[in-house]
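S.K.: Contents of my_file_21.pdb (PDB, C-alpha atoms) are given next:
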MODEL        1
ATOM      1  CA  MET A   1     -16.460 -19.319 -13.588  1.00  0.00           C
ATOM      2  CA  GLU A   2     -17.706 -16.946 -16.256  1.00  0.00           C
ATOM      3  CA  ASP A   3     -20.967 -14.981 -15.812  1.00  0.00           C
ATOM      4  CA  GLN A   4     -22.563 -17.814 -13.868  1.00  0.00           C
ATOM      5  CA  VAL A   5     -24.926 -18.007 -10.887  1.00  0.00           C
ATOM      6  CA  ILE A   6     -22.704 -18.581  -7.833  1.00  0.00           C
ATOM      7  CA  GLY A   7     -25.061 -21.064  -6.161  1.00  0.00           C
ATOM      8  CA  GLU A   8     -25.276 -23.232  -9.279  1.00  0.00           C
ATOM      9  CA  ALA A   9     -21.496 -23.243  -9.697  1.00  0.00           C
ATOM     10  CA  ILE A  10     -20.716 -24.365  -6.133  1.00  0.00           C
ATOM     11  CA  SER A  11     -23.734 -26.447  -5.057  1.00  0.00           C
ATOM     12  CA  LYS A  12     -22.135 -29.658  -6.353  1.00  0.00           C
ATOM     13  CA  PHE A  13     -19.589 -29.393  -3.517  1.00  0.00           C
ATOM     14  CA  ASN A  14     -22.305 -29.490  -0.823  1.00  0.00           C
ATOM     15  CA  ARG A  15     -21.899 -33.029   0.577  1.00  0.00           C
ATOM     16  CA  THR A  16     -22.851 -34.674   3.845  1.00  0.00           C
ATOM     17  CA  ASN A  17     -20.127 -35.090   6.491  1.00  0.00           C
ATOM     18  CA  THR A  18     -17.983 -32.523   4.674  1.00  0.00           C
ATOM     19  CA  ASN A  19     -17.018 -28.979   5.641  1.00  0.00           C
ATOM     20  CA  VAL A  20     -16.376 -26.951   2.496  1.00  0.00           C
ATOM     21  CA  PHE A  21     -14.595 -23.586   2.401  1.00  0.00           C
ATOM     22  CA  ILE A  22     -14.313 -21.223  -0.560  1.00  0.00           C
ATOM     23  CA  SER A  23     -11.675 -18.600  -1.363  1.00  0.00           C
ATOM     24  CA  GLY A  24     -11.327 -16.389  -4.407  1.00  0.00           C
ATOM     25  CA  GLU A  25     -12.319 -13.163  -6.104  1.00  0.00           C
ATOM     26  CA  LEU A  26     -15.444 -12.509  -8.134  1.00  0.00           C
ATOM     27  CA  SER A  27     -16.697  -9.635 -10.258  1.00  0.00           C
ATOM     28  CA  VAL A  28     -20.393  -8.803  -9.957  1.00  0.00           C
ATOM     29  CA  GLU A  29     -22.750  -6.012 -11.034  1.00  0.00           C
ATOM     30  CA  ASP A  30     -24.658  -3.901  -8.505  1.00  0.00           C
ATOM     31  CA  PHE A  31     -24.267  -6.234  -5.522  1.00  0.00           C
ATOM     32  CA  ASP A  32     -26.219  -5.148  -2.424  1.00  0.00           C
ATOM     33  CA  THR A  33     -23.629  -5.407   0.369  1.00  0.00           C
ATOM     34  CA  SER A  34     -26.270  -4.799   3.051  1.00  0.00           C
ATOM     35  CA  VAL A  35     -27.336  -8.469   2.841  1.00  0.00           C
ATOM     36  CA  LEU A  36     -24.003  -9.655   4.266  1.00  0.00           C
ATOM     37  CA  PRO A  37     -23.647 -10.499   7.968  1.00  0.00           C
ATOM     38  CA  ARG A  38     -21.699  -7.923   9.991  1.00  0.00           C
ATOM     39  CA  ASP A  39     -20.288  -9.318  13.216  1.00  0.00           C
ATOM     40  CA  PRO A  40     -17.191  -7.473  14.503  1.00  0.00           C
ATOM     41  CA  TYR A  41     -16.206 -10.555  16.540  1.00  0.00           C
ATOM     42  CA  GLN A  42     -16.395 -12.947  13.581  1.00  0.00           C
ATOM     43  CA  PHE A  43     -13.600 -13.617  11.071  1.00  0.00           C
ATOM     44  CA  LYS A  44     -14.478 -11.582   7.957  1.00  0.00           C
ATOM     45  CA  PHE A  45     -14.585 -14.299   5.304  1.00  0.00           C
ATOM     46  CA  ILE A  46     -16.634 -12.230   2.823  1.00  0.00           C
ATOM     47  CA  GLU A  47     -15.564  -8.733   1.782  1.00  0.00           C
ATOM     48  CA  ALA A  48     -17.661  -7.044  -0.859  1.00  0.00           C
ATOM     49  CA  SER A  49     -18.298  -3.865  -2.780  1.00  0.00           C
ATOM     50  CA  SER A  50     -20.978  -3.293  -5.395  1.00  0.00           C
ATOM     51  CA  THR A  51     -18.688  -4.744  -8.099  1.00  0.00           C
ATOM     52  CA  ASN A  52     -16.283  -7.145  -6.334  1.00  0.00           C
ATOM     53  CA  ILE A  53     -16.543  -9.983  -3.838  1.00  0.00           C
ATOM     54  CA  LYS A  54     -13.516 -11.466  -2.077  1.00  0.00           C
ATOM     55  CA  LEU A  55     -13.895 -14.762  -0.227  1.00  0.00           C
ATOM     56  CA  GLU A  56     -11.379 -16.103   2.271  1.00  0.00           C
ATOM     57  CA  ALA A  57     -12.167 -19.560   3.668  1.00  0.00           C
ATOM     58  CA  ALA A  58     -15.882 -18.762   3.533  1.00  0.00           C
ATOM     59  CA  PRO A  59     -18.158 -21.660   4.535  1.00  0.00           C
ATOM     60  CA  LEU A  60     -20.029 -23.075   1.533  1.00  0.00           C
ATOM     61  CA  LYS A  61     -23.465 -22.823   3.158  1.00  0.00           C
ATOM     62  CA  THR A  62     -22.887 -19.157   4.012  1.00  0.00           C
ATOM     63  CA  VAL A  63     -21.808 -18.387   0.444  1.00  0.00           C
ATOM     64  CA  ILE A  64     -24.906 -20.124  -0.930  1.00  0.00           C
ATOM     65  CA  LYS A  65     -27.161 -18.295   1.553  1.00  0.00           C
ATOM     66  CA  PHE A  66     -25.880 -14.766   0.921  1.00  0.00           C
ATOM     67  CA  LEU A  67     -24.432 -14.942  -2.612  1.00  0.00           C
ATOM     68  CA  GLY A  68     -26.184 -17.924  -4.211  1.00  0.00           C
ATOM     69  CA  ASP A  69     -28.434 -15.958  -6.584  1.00  0.00           C
ATOM     70  CA  GLU A  70     -25.750 -13.544  -7.820  1.00  0.00           C
ATOM     71  CA  PHE A  71     -24.272 -13.753 -11.314  1.00  0.00           C
ATOM     72  CA  ALA A  72     -20.478 -13.511 -11.162  1.00  0.00           C
ATOM     73  CA  SER A  73     -17.225 -14.050 -13.030  1.00  0.00           C
ATOM     74  CA  GLY A  74     -13.888 -14.947 -11.479  1.00  0.00           C
ATOM     75  CA  SER A  75     -11.965 -17.793  -9.927  1.00  0.00           C
ATOM     76  CA  LEU A  76     -12.613 -19.808  -6.792  1.00  0.00           C
ATOM     77  CA  GLN A  77     -10.660 -22.348  -4.776  1.00  0.00           C
ATOM     78  CA  ILE A  78     -12.693 -25.028  -3.042  1.00  0.00           C
ATOM     79  CA  ARG A  79     -11.262 -26.827  -0.019  1.00  0.00           C
ATOM     80  CA  SER A  80     -13.052 -29.534   1.903  1.00  0.00           C
ATOM     81  CA  ILE A  81     -12.598 -31.390   5.169  1.00  0.00           C
ATOM     82  CA  VAL A  82     -14.275 -34.784   5.301  1.00  0.00           C
ATOM     83  CA  SER A  83     -15.260 -36.063   8.734  1.00  0.00           C
ATOM     84  CA  SER A  84     -15.101 -39.818   9.188  1.00  0.00           C
ATOM     85  CA  GLN A  85     -18.422 -40.737  10.755  1.00  0.00           C
TER      86      GLN A  85
ENDMDL
END
Can the structure from this file be put into structure tokens for me?

M.R.:
Amino acid sequence: MEDQVIGEAISKFNRTNTNVFISGELSVEDFDTSVLPRDPYQFKFIEASSTNIKLEAAPLKTVIKFLGDEFASGSLQIRSIVSSQ
């Protein structure tokens, strides 16, 4: 993705009965890292500085919630698990 809103770029992967996970590295400008959840007992799937965001198997809904309005450039890998219900 190139200078695109993160939420717009990944929202098409939000499907019912599907768990979607995102990995990759993004460049951003002036990102406020204080909005990210900080739980020392939780796997750290989002690491960020004011200019870079690294995702490792981050749940799609979490990425949309905390990063959805940010403009970013970089590459992402999308993996999904479809439940048969």

S.K.: With the PyMOL selection byres ((chain A and resi 30) around 7) as the selection, what would be picked from this file? Answer as a PyMOL selection string, please.

M.R.: chain A and resi 28-29+31-32+50-51

S.K.: Can I get the selection written as an mmCIF file, keeping the file's coordinate frame, with C-alpha atoms?

M.R.:
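Okay, result-v9.cif is ready:
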data_model
loop_
_atom_site.group_PDB
_atom_site.id
_atom_site.type_symbol
_atom_site.label_atom_id
_atom_site.label_comp_id
_atom_site.auth_asym_id
_atom_site.auth_seq_id
_atom_site.Cartn_x
_atom_site.Cartn_y
_atom_site.Cartn_z
ATOM 1 C CA VAL A 28 -20.393 -8.803 -9.957
ATOM 2 C CA GLU A 29 -22.750 -6.012 -11.034
ATOM 3 C CA PHE A 31 -24.267 -6.234 -5.522
ATOM 4 C CA ASP A 32 -26.219 -5.148 -2.424
ATOM 5 C CA SER A 50 -20.978 -3.293 -5.395
ATOM 6 C CA THR A 51 -18.688 -4.744 -8.099
#

S.K.: Would you list the contacts of stretch 63-66 of chain A as a PyMOL selection string, taking every protein, DNA or RNA residue within 7 Å and counting only C-alpha atoms, but skipping same-chain residues closer than 4 positions in sequence?

M.R.: chain A and resi 7+35-36+58-59

S.K.: For the provided coordinates, the residues matched by the PyMOL selection byres ((chain A and resi 27) around 10) should be stated as a list in words.

M.R.: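 Evaluating the PyMOL selection byres ((chain A and resi 27) around 10) on these coordinates yields Glu2, Asp3, Glu25, Leu26, Val28, Glu29, Asp30, Phe31, Ala48, Ser49, Ser50, Thr51, Asn52, Ile53, Lys54, Phe71, Ala72, Ser73, Gly74 and Ser75 of chain A.
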
S.K.: Show which residues sit within 7 Å of A:Ile81, as a PDB file with C-alpha atoms, keeping the file's coordinate frame. Count all atoms listed in the file, and ignore same-chain residues fewer than 5 positions away.

M.R.:
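The result, stored in part_23.pdb:
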ATOM      1  CA  THR A  18     -17.983 -32.523   4.674  1.00  0.00           C
ATOM      2  CA  ASN A  19     -17.018 -28.979   5.641  1.00  0.00           C
ATOM      3  CA  VAL A  20     -16.376 -26.951   2.496  1.00  0.00           C
TER       4      VAL A  20
END

S.K.: Quick one: everything within 12 Å of A:Ser80, counting all atoms listed in the file, minus sequence neighbours fewer than 3 positions away in the same chain. Send it as a ChimeraX atom specification.

M.R.: /A:13-23,57-60,77,83

S.K.: Work out how far atom CA of A:Arg79 is from atom CA of A:Tyr41, in Å to one decimal.

M.R.: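 Taking atom CA of A:Tyr41 and atom CA of A:Arg79, their separation equals 23.7 Å.
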
S.K.: From the set A:Leu76, A:Leu55, A:Met1, A:Leu67, which residue has the shortest atom-to-atom contact distance to A:Ser34, counting only C-alpha atoms?

M.R.: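 With only C-alpha atoms as the atom set, the closest residue is A:Leu67.
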
S.K.: What's the separation between atom CA of A:Gly68 and atom CA of A:Glu8, in Å to one decimal place?

M.R.: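 Between these atoms lies a distance of 7.4 Å.
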
S.K.: Give, as AutoDock Vina command-line options, the centre coordinates and the x, y and z edge lengths in Å to one decimal for an axis-aligned box around all listed atoms of stretch 51-56 of chain A, padded by 6 Å on each side.

M.R.:
--center_x -15.0 --center_y -10.4 --center_z -2.9 --size_x 19.3 --size_y 23.4 --size_z 22.4

S.K.: So the first atom is atom CA of A:Ser11 and the second is atom CA of A:Val82; what is the distance between them in Å, to one decimal place?

M.R.: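 Atom-to-atom, atom CA of A:Ser11 to atom CA of A:Val82, that is 16.3 Å.
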
S.K.: Copy stretch 41-63 of chain A out of the block into a file, keeping N, CA and C atoms, as a tab-separated table (two decimals), in the first residue's frame.

M.R.:
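And here is the file that came out, result28.tsv:
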chain	number	residue	atom	x	y	z
A	41	TYR	N	0.70	-9.16	29.61
A	41	TYR	CA	0.41	-10.59	29.53
A	41	TYR	C	-0.13	-11.01	28.17
A	42	GLN	N	-0.24	-10.06	27.26
A	42	GLN	CA	-0.78	-10.30	25.92
A	42	GLN	C	0.37	-10.32	24.92
A	43	PHE	N	0.28	-11.21	23.91
A	43	PHE	CA	1.25	-11.23	22.83
A	43	PHE	C	1.27	-9.86	22.16
A	44	LYS	N	2.45	-9.28	21.97
A	44	LYS	CA	2.57	-7.93	21.41
A	44	LYS	C	2.53	-8.00	19.89
A	45	PHE	N	1.32	-7.91	19.33
A	45	PHE	CA	1.17	-8.03	17.88
A	45	PHE	C	1.29	-6.70	17.16
A	46	ILE	N	1.31	-5.58	17.90
A	46	ILE	CA	1.55	-4.27	17.29
A	46	ILE	C	2.70	-3.60	18.04
A	47	GLU	N	3.76	-3.28	17.31
A	47	GLU	CA	4.86	-2.49	17.87
A	47	GLU	C	4.93	-1.22	17.05
A	48	ALA	N	5.03	-0.08	17.72
A	48	ALA	CA	4.98	1.17	16.97
A	48	ALA	C	5.88	2.24	17.57
A	49	SER	N	6.36	3.10	16.68
A	49	SER	CA	7.02	4.34	17.06
A	49	SER	C	6.24	5.45	16.34
A	50	SER	N	6.70	6.66	16.43
A	50	SER	CA	5.97	7.75	15.77
A	50	SER	C	6.04	7.67	14.25
A	51	THR	N	6.99	6.88	13.71
A	51	THR	CA	7.15	6.81	12.25
A	51	THR	C	7.02	5.41	11.66
A	52	ASN	N	7.00	4.37	12.50
A	52	ASN	CA	6.93	3.00	11.99
A	52	ASN	C	5.95	2.16	12.81
A	53	ILE	N	5.27	1.26	12.11
A	53	ILE	CA	4.37	0.31	12.77
A	53	ILE	C	4.73	-1.07	12.25
A	54	LYS	N	4.95	-2.01	13.18
A	54	LYS	CA	5.22	-3.40	12.81
A	54	LYS	C	4.08	-4.25	13.35
A	55	LEU	N	3.49	-5.04	12.48
A	55	LEU	CA	2.39	-5.93	12.85
A	55	LEU	C	2.85	-7.37	12.74
A	56	GLU	N	2.51	-8.17	13.73
A	56	GLU	CA	2.83	-9.60	13.69
A	56	GLU	C	1.59	-10.37	14.12
A	57	ALA	N	0.91	-10.96	13.14
A	57	ALA	CA	-0.32	-11.72	13.37
A	57	ALA	C	-1.33	-10.92	14.19
A	58	ALA	N	-1.48	-9.65	13.82
A	58	ALA	CA	-2.42	-8.78	14.52
A	58	ALA	C	-3.84	-9.04	14.02
A	59	PRO	N	-4.80	-9.20	14.92
A	59	PRO	CA	-6.19	-9.41	14.49
A	59	PRO	C	-6.71	-8.21	13.70
A	60	LEU	N	-7.40	-8.49	12.61
A	60	LEU	CA	-7.92	-7.45	11.72
A	60	LEU	C	-8.73	-6.40	12.47
A	61	LYS	N	-9.65	-6.84	13.32
A	61	LYS	CA	-10.52	-5.89	14.02
A	61	LYS	C	-9.73	-4.97	14.95
A	62	THR	N	-8.66	-5.47	15.53
A	62	THR	CA	-7.81	-4.65	16.39
A	62	THR	C	-7.05	-3.62	15.55
A	63	VAL	N	-6.56	-4.04	14.39
A	63	VAL	CA	-5.85	-3.11	13.51
A	63	VAL	C	-6.79	-2.00	13.06
